[in-house]
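Colleague: I'm passing along target18.cif; it holds mmCIF, C-alpha atoms.
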```
data_target
loop_
_atom_site.group_PDB
_atom_site.id
_atom_site.type_symbol
_atom_site.label_atom_id
_atom_site.label_comp_id
_atom_site.auth_asym_id
_atom_site.auth_seq_id
_atom_site.Cartn_x
_atom_site.Cartn_y
_atom_site.Cartn_z
ATOM 1 C CA VAL A 1 34.937 12.286 5.782
ATOM 2 C CA ALA A 2 38.134 10.461 6.605
ATOM 3 C CA SER A 3 37.493 6.955 7.920
ATOM 4 C CA GLY A 4 39.205 7.764 11.237
ATOM 5 C CA SER A 5 36.911 10.727 11.879
ATOM 6 C CA GLU A 6 34.088 10.456 14.397
ATOM 7 C CA PHE A 7 31.846 11.707 11.583
ATOM 8 C CA ALA A 8 32.782 8.919 9.157
ATOM 9 C CA LEU A 9 30.127 6.689 7.662
ATOM 10 C CA THR A 10 29.742 3.387 9.454
ATOM 11 C CA ALA A 11 30.345 0.115 7.589
ATOM 12 C CA ARG A 12 26.568 -0.437 7.587
ATOM 13 C CA ASP A 13 26.046 3.026 6.058
ATOM 14 C CA VAL A 14 28.418 2.151 3.245
ATOM 15 C CA SER A 15 27.113 -1.369 2.612
ATOM 16 C CA TYR A 16 23.451 -0.325 2.707
ATOM 17 C CA GLY A 17 23.925 3.202 1.435
ATOM 18 C CA PHE A 18 22.291 4.278 -1.764
ATOM 19 C CA LEU A 19 22.973 7.978 -1.860
ATOM 20 C CA LYS A 20 25.211 8.880 -4.781
ATOM 21 C CA ASN A 21 26.419 11.967 -2.963
ATOM 22 C CA PRO A 22 26.888 11.195 0.752
ATOM 23 C CA ASP A 23 29.287 14.091 1.400
ATOM 24 C CA PHE A 24 26.853 16.675 0.043
ATOM 25 C CA ALA A 25 29.407 17.960 -2.461
ATOM 26 C CA MET A 26 27.653 20.727 -4.333
ATOM 27 C CA SER A 27 27.792 19.885 -8.025
ATOM 28 C CA PHE A 28 25.361 19.970 -10.908
ATOM 29 C CA GLN A 29 25.741 16.211 -11.234
ATOM 30 C CA TYR A 30 23.484 15.457 -8.291
ATOM 31 C CA TRP A 31 21.982 18.560 -6.749
ATOM 32 C CA LYS A 32 18.832 20.169 -8.000
ATOM 33 C CA ALA A 33 19.242 23.891 -8.586
ATOM 34 C CA ILE A 34 16.434 25.597 -6.687
ATOM 35 C CA SER A 35 16.019 29.162 -5.469
ATOM 36 C CA ALA A 36 15.595 27.939 -1.860
ATOM 37 C CA ALA A 37 18.927 26.053 -1.802
ATOM 38 C CA GLY A 38 21.513 26.587 0.894
ATOM 39 C CA ASP A 39 25.221 27.154 0.395
ATOM 40 C CA THR A 40 28.437 25.554 1.607
ATOM 41 C CA VAL A 41 30.923 26.691 4.236
ATOM 42 C CA PHE A 42 34.099 25.152 5.635
ATOM 43 C CA ASP A 43 33.570 23.472 9.019
ATOM 44 C CA ALA A 44 36.679 22.969 11.176
ATOM 45 C CA ASP A 45 35.092 20.089 13.141
ATOM 46 C CA GLN A 46 34.307 18.148 9.966
ATOM 47 C CA GLY A 47 37.440 19.305 8.150
ATOM 48 C CA LYS A 48 35.538 19.962 4.939
ATOM 49 C CA GLU A 49 32.829 21.983 3.267
ATOM 50 C CA VAL A 50 29.377 21.350 4.703
ATOM 51 C CA ALA A 51 25.940 22.357 3.486
ATOM 52 C CA ARG A 52 24.503 25.337 5.370
ATOM 53 C CA LEU A 53 20.779 25.919 5.375
ATOM 54 C CA LYS A 54 19.413 29.185 6.663
ATOM 55 C CA ARG A 55 15.761 29.721 7.554
ATOM 56 C CA ASN A 56 13.366 28.415 4.875
ATOM 57 C CA ARG A 57 16.155 26.785 2.819
ATOM 58 C CA ARG A 58 16.349 23.183 1.652
ATOM 59 C CA LEU A 59 18.447 20.585 -0.133
ATOM 60 C CA MET A 60 17.132 18.622 -3.095
ATOM 61 C CA GLN A 61 18.929 15.716 -4.699
ATOM 62 C CA ASN A 62 18.159 12.927 -7.149
ATOM 63 C CA ILE A 63 19.375 9.900 -5.230
ATOM 64 C CA VAL A 64 18.886 6.828 -7.404
ATOM 65 C CA ALA A 65 17.456 5.765 -10.729
ATOM 66 C CA GLU A 66 15.736 2.817 -9.084
ATOM 67 C CA ALA A 67 15.361 1.219 -5.677
ATOM 68 C CA ILE A 68 15.422 -2.473 -4.807
ATOM 69 C CA PRO A 69 11.839 -3.608 -4.159
ATOM 70 C CA GLY A 70 11.337 -4.871 -0.607
ATOM 71 C CA GLU A 71 14.792 -3.645 0.520
ATOM 72 C CA LYS A 72 14.928 -1.552 3.691
ATOM 73 C CA TYR A 73 16.436 1.922 3.357
ATOM 74 C CA GLN A 74 17.422 4.491 5.942
ATOM 75 C CA PHE A 75 18.692 8.075 5.889
ATOM 76 C CA ALA A 76 21.376 9.334 8.254
ATOM 77 C CA PHE A 77 23.108 12.703 8.359
ATOM 78 C CA TRP A 78 25.001 15.002 10.707
ATOM 79 C CA ALA A 79 23.427 18.277 11.859
ATOM 80 C CA LYS A 80 24.606 21.229 13.910
ATOM 81 C CA LEU A 81 22.312 24.131 14.758
ATOM 82 C CA SER A 82 23.270 27.719 15.449
ATOM 83 C CA GLY A 83 21.090 30.771 15.930
ATOM 84 C CA THR A 84 18.065 28.718 16.972
ATOM 85 C CA ASP A 85 17.128 26.318 19.759
ATOM 86 C CA SER A 86 15.479 23.797 17.451
ATOM 87 C CA VAL A 87 14.370 23.220 13.890
ATOM 88 C CA LYS A 88 11.602 21.079 12.428
ATOM 89 C CA THR A 89 13.140 18.773 9.842
ATOM 90 C CA ASN A 90 11.714 16.313 7.366
ATOM 91 C CA ILE A 91 12.906 14.203 4.505
ATOM 92 C CA ILE A 92 10.541 13.725 1.610
ATOM 93 C CA VAL A 93 11.308 11.132 -1.054
ATOM 94 C CA ARG A 94 9.502 11.553 -4.370
ATOM 95 C CA MET A 95 9.363 9.120 -7.234
ATOM 96 C CA ARG A 96 8.249 10.419 -10.619
ATOM 97 C CA PHE A 97 6.723 7.422 -12.362
ATOM 98 C CA GLU A 98 5.863 7.279 -16.072
ATOM 99 C CA ASN A 99 2.639 5.285 -15.928
ATOM 100 C CA ASP A 100 1.788 3.026 -18.889
ATOM 101 C CA ASP A 101 -1.594 1.951 -17.494
ATOM 102 C CA ILE A 102 -3.846 4.774 -16.330
ATOM 103 C CA VAL A 103 -6.633 2.292 -15.528
ATOM 104 C CA ASN A 104 -4.770 -0.266 -13.359
ATOM 105 C CA GLY A 105 -1.479 1.557 -12.674
ATOM 106 C CA PRO A 106 -0.428 3.312 -9.454
ATOM 107 C CA CYS A 107 -2.398 6.456 -10.398
ATOM 108 C CA ARG A 108 -4.903 7.530 -13.016
ATOM 109 C CA ARG A 109 -2.487 9.838 -14.850
ATOM 110 C CA GLU A 110 0.380 9.368 -17.315
ATOM 111 C CA ILE A 111 2.841 10.796 -14.766
ATOM 112 C CA CYS A 112 2.508 9.779 -11.109
ATOM 113 C CA ASN A 113 4.297 11.618 -8.308
ATOM 114 C CA ILE A 114 4.500 9.278 -5.329
ATOM 115 C CA PHE A 115 5.799 10.540 -1.985
ATOM 116 C CA LEU A 116 7.252 9.012 1.188
ATOM 117 C CA ARG A 117 8.165 10.848 4.374
ATOM 118 C CA PRO A 118 10.793 8.677 6.122
ATOM 119 C CA LEU A 119 11.776 11.372 8.628
ATOM 120 C CA THR A 120 9.815 14.047 10.457
ATOM 121 C CA THR A 121 11.499 15.279 13.607
ATOM 122 C CA THR A 122 12.581 18.291 15.616
ATOM 123 C CA ILE A 123 16.343 18.682 15.968
ATOM 124 C CA GLU A 124 17.448 20.402 19.192
ATOM 125 C CA SER A 125 20.531 22.647 19.279
ATOM 126 C CA LYS A 126 22.623 20.627 21.806
ATOM 127 C CA GLY A 127 25.068 23.494 22.316
ATOM 128 C CA ARG A 128 26.144 23.800 18.661
ATOM 129 C CA GLN A 129 27.519 20.255 18.693
ATOM 130 C CA TRP A 130 27.292 17.932 15.694
ATOM 131 C CA GLN A 131 24.673 15.228 16.157
ATOM 132 C CA ARG A 132 23.776 12.242 14.037
ATOM 133 C CA ILE A 133 20.175 12.181 12.826
ATOM 134 C CA VAL A 134 18.834 8.811 11.648
ATOM 135 C CA SER A 135 15.478 8.005 10.056
ATOM 136 C CA ASP A 136 13.504 4.866 10.727
ATOM 137 C CA GLU A 137 14.004 2.115 8.180
ATOM 138 C CA PHE A 138 11.506 2.199 5.322
ATOM 139 C CA THR A 139 10.670 0.375 2.103
ATOM 140 C CA MET A 140 10.726 2.527 -0.985
ATOM 141 C CA PHE A 141 7.492 2.602 -2.982
ATOM 142 C CA GLY A 142 6.533 -1.062 -2.661
ATOM 143 C CA ASN A 143 7.290 -3.298 -5.629
ATOM 144 C CA TYR A 144 7.084 -0.622 -8.293
ATOM 145 C CA THR A 145 9.156 -2.719 -10.734
ATOM 146 C CA LYS A 146 6.022 -4.773 -11.374
ATOM 147 C CA TRP A 147 3.952 -1.686 -12.209
ATOM 148 C CA PRO A 148 3.358 -0.969 -15.912
ATOM 149 C CA GLY A 149 5.807 1.836 -16.623
ATOM 150 C CA GLN A 150 9.070 3.089 -15.180
ATOM 151 C CA PRO A 151 10.405 5.715 -12.779
ATOM 152 C CA SER A 152 12.089 8.769 -14.272
ATOM 153 C CA PHE A 153 13.795 9.562 -10.954
ATOM 154 C CA ILE A 154 13.685 9.083 -7.216
#
```
Spit out the file's structure as structure tokens when you get a sec.

Modeller:
Amino acid sequence: VASGSEFALTARDVSYGFLKNPDFAMSFQYWKAISAAGDTVFDADQGKEVARLKRNRRLMQNIVAEAIPGEKYQFAFWAKLSGTDSVKTNIIVRMRFENDDIVNGPCRREICNIFLRPLTTTIESKGRQWQRIVSDEFTMFGNYTKWPGQPSFI
């Protein structure tokens, strides 16, 4: 989004941002191909293609190879609803961790799937107007860099 746009990322979003793909550009580089994915449409208000999710659709994206232990993270995005009064929304962050210590590691398996849920909310329609949705700040997966092993993705 152009920096003069009301939908532009704030300076804090940019300085603290960790998403590799903040404009939701659909490309194989970042997006996971799933059968429940949405599509993109041009939005005149935003002046660009936006992700459109119909009922029971979702977005999936690998966001980072690693997170900074102890650092606070936060998700923010713009949403506009049509055809419904409200929608239940959540963000789930999953780390796939290759565990080198099944006795003292974060789980008792060679591969651990660790989940966070930084946002669970209901978004109201607000007359088909764009609205900014922001999660609470959260710490990603504790200090996993000290665990025996490494993440394959977050």

Colleague: Segment 119-127 of chain A: which residues within 12 Å, counting only C-alpha atoms, same-chain residues fewer than 6 positions away excluded, as an MDAnalysis selection string?

Modeller: chainID A and resid 73:93 133:138

Colleague: Excluding same-chain residues fewer than 3 positions from Gly70 of chain A, what lies within 7 Å of it counting only C-alpha atoms, as a list in words?

Modeller: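 Listing them by chain and then by number gives Thr139, Gly142 and Asn143 of chain A.
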
Colleague: Mind writing the picked residues with C-alpha atoms as a JSON list (two decimals), in the coordinates of the input?

Modeller:
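again.json, freshly written:
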```
[["chain", "number", "residue", "atom", "x", "y", "z"],
["A", 139, "THR", "CA", 10.67, 0.38, 2.10],
["A", 142, "GLY", "CA", 6.53, -1.06, -2.66],
["A", 143, "ASN", "CA", 7.29, -3.30, -5.63]]
```

Colleague: When you count all atoms listed in the file, which of these residues is closest to Met60 of chain A: A:Lys72, A:Ser152, A:Cys112, A:Arg94?

Modeller: A:Arg94

Colleague: With only C-alpha atoms as the basis for distance, which of A:Glu110, A:Glu71, A:Ile154, A:Asp45 is at the shortest distance from Arg128 of chain A?

Modeller: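 The shortest atom-to-atom distance to Arg128 of chain A comes from A:Asp45.
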
Colleague: Show which residues sit within 12 Å of segment 97-109 of chain A, as a list in words. Count only C-alpha atoms, and ignore same-chain residues fewer than 3 positions away.

Modeller: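 Counting only the stated atoms, we get Ala65, Glu66, Arg94, Cys112, Asn113, Ile114, Phe115, Phe141, Gly142, Asn143, Tyr144, Thr145, Lys146, Trp147, Pro148, Gly149, Gln150, Pro151, Ser152, Phe153 and Ile154 of chain A.
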
Colleague: With distances taken over all atoms listed in the file, which of A:Met140, A:Gly47, A:Met95, A:Val41 is nearest to Ile68 of chain A?

Modeller: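 Ranked by minimum distance to Ile68 of chain A, first place goes to A:Met140.
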
Colleague: Near Arg52 of chain A, counting only C-alpha atoms, which residues have an atom at most 9 Å away, once you skip same-chain residues fewer than 6 positions from it, shown as JSON, numbers by chain?

Modeller: {"A": [38, 39, 40, 41]}

Colleague: Please produce an output containing C-alpha atoms for each residue in the selection, written as a PDB file, in the coordinates of the input.

Modeller:
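Output file out_16.pdb is given in full below:
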```pdb
ATOM      1  CA  GLY A  38      21.513  26.587   0.894  1.00  0.00           C
ATOM      2  CA  ASP A  39      25.221  27.154   0.395  1.00  0.00           C
ATOM      3  CA  THR A  40      28.437  25.554   1.607  1.00  0.00           C
ATOM      4  CA  VAL A  41      30.923  26.691   4.236  1.00  0.00           C
TER       5      VAL A  41
END
```

Colleague: I'd like the residues picked by the PyMOL selection byres ((chain A and resi 56) around 10) written out as a PyMOL selection string, using the chain letters and numbers from the file.

Modeller: chain A and resi 36-38+53-55+57-58

Colleague: How far is it from atom CA of Gln46 of chain A to atom CA of Trp130 of chain A, in Å with one decimal?

Modeller: 9.1 Å
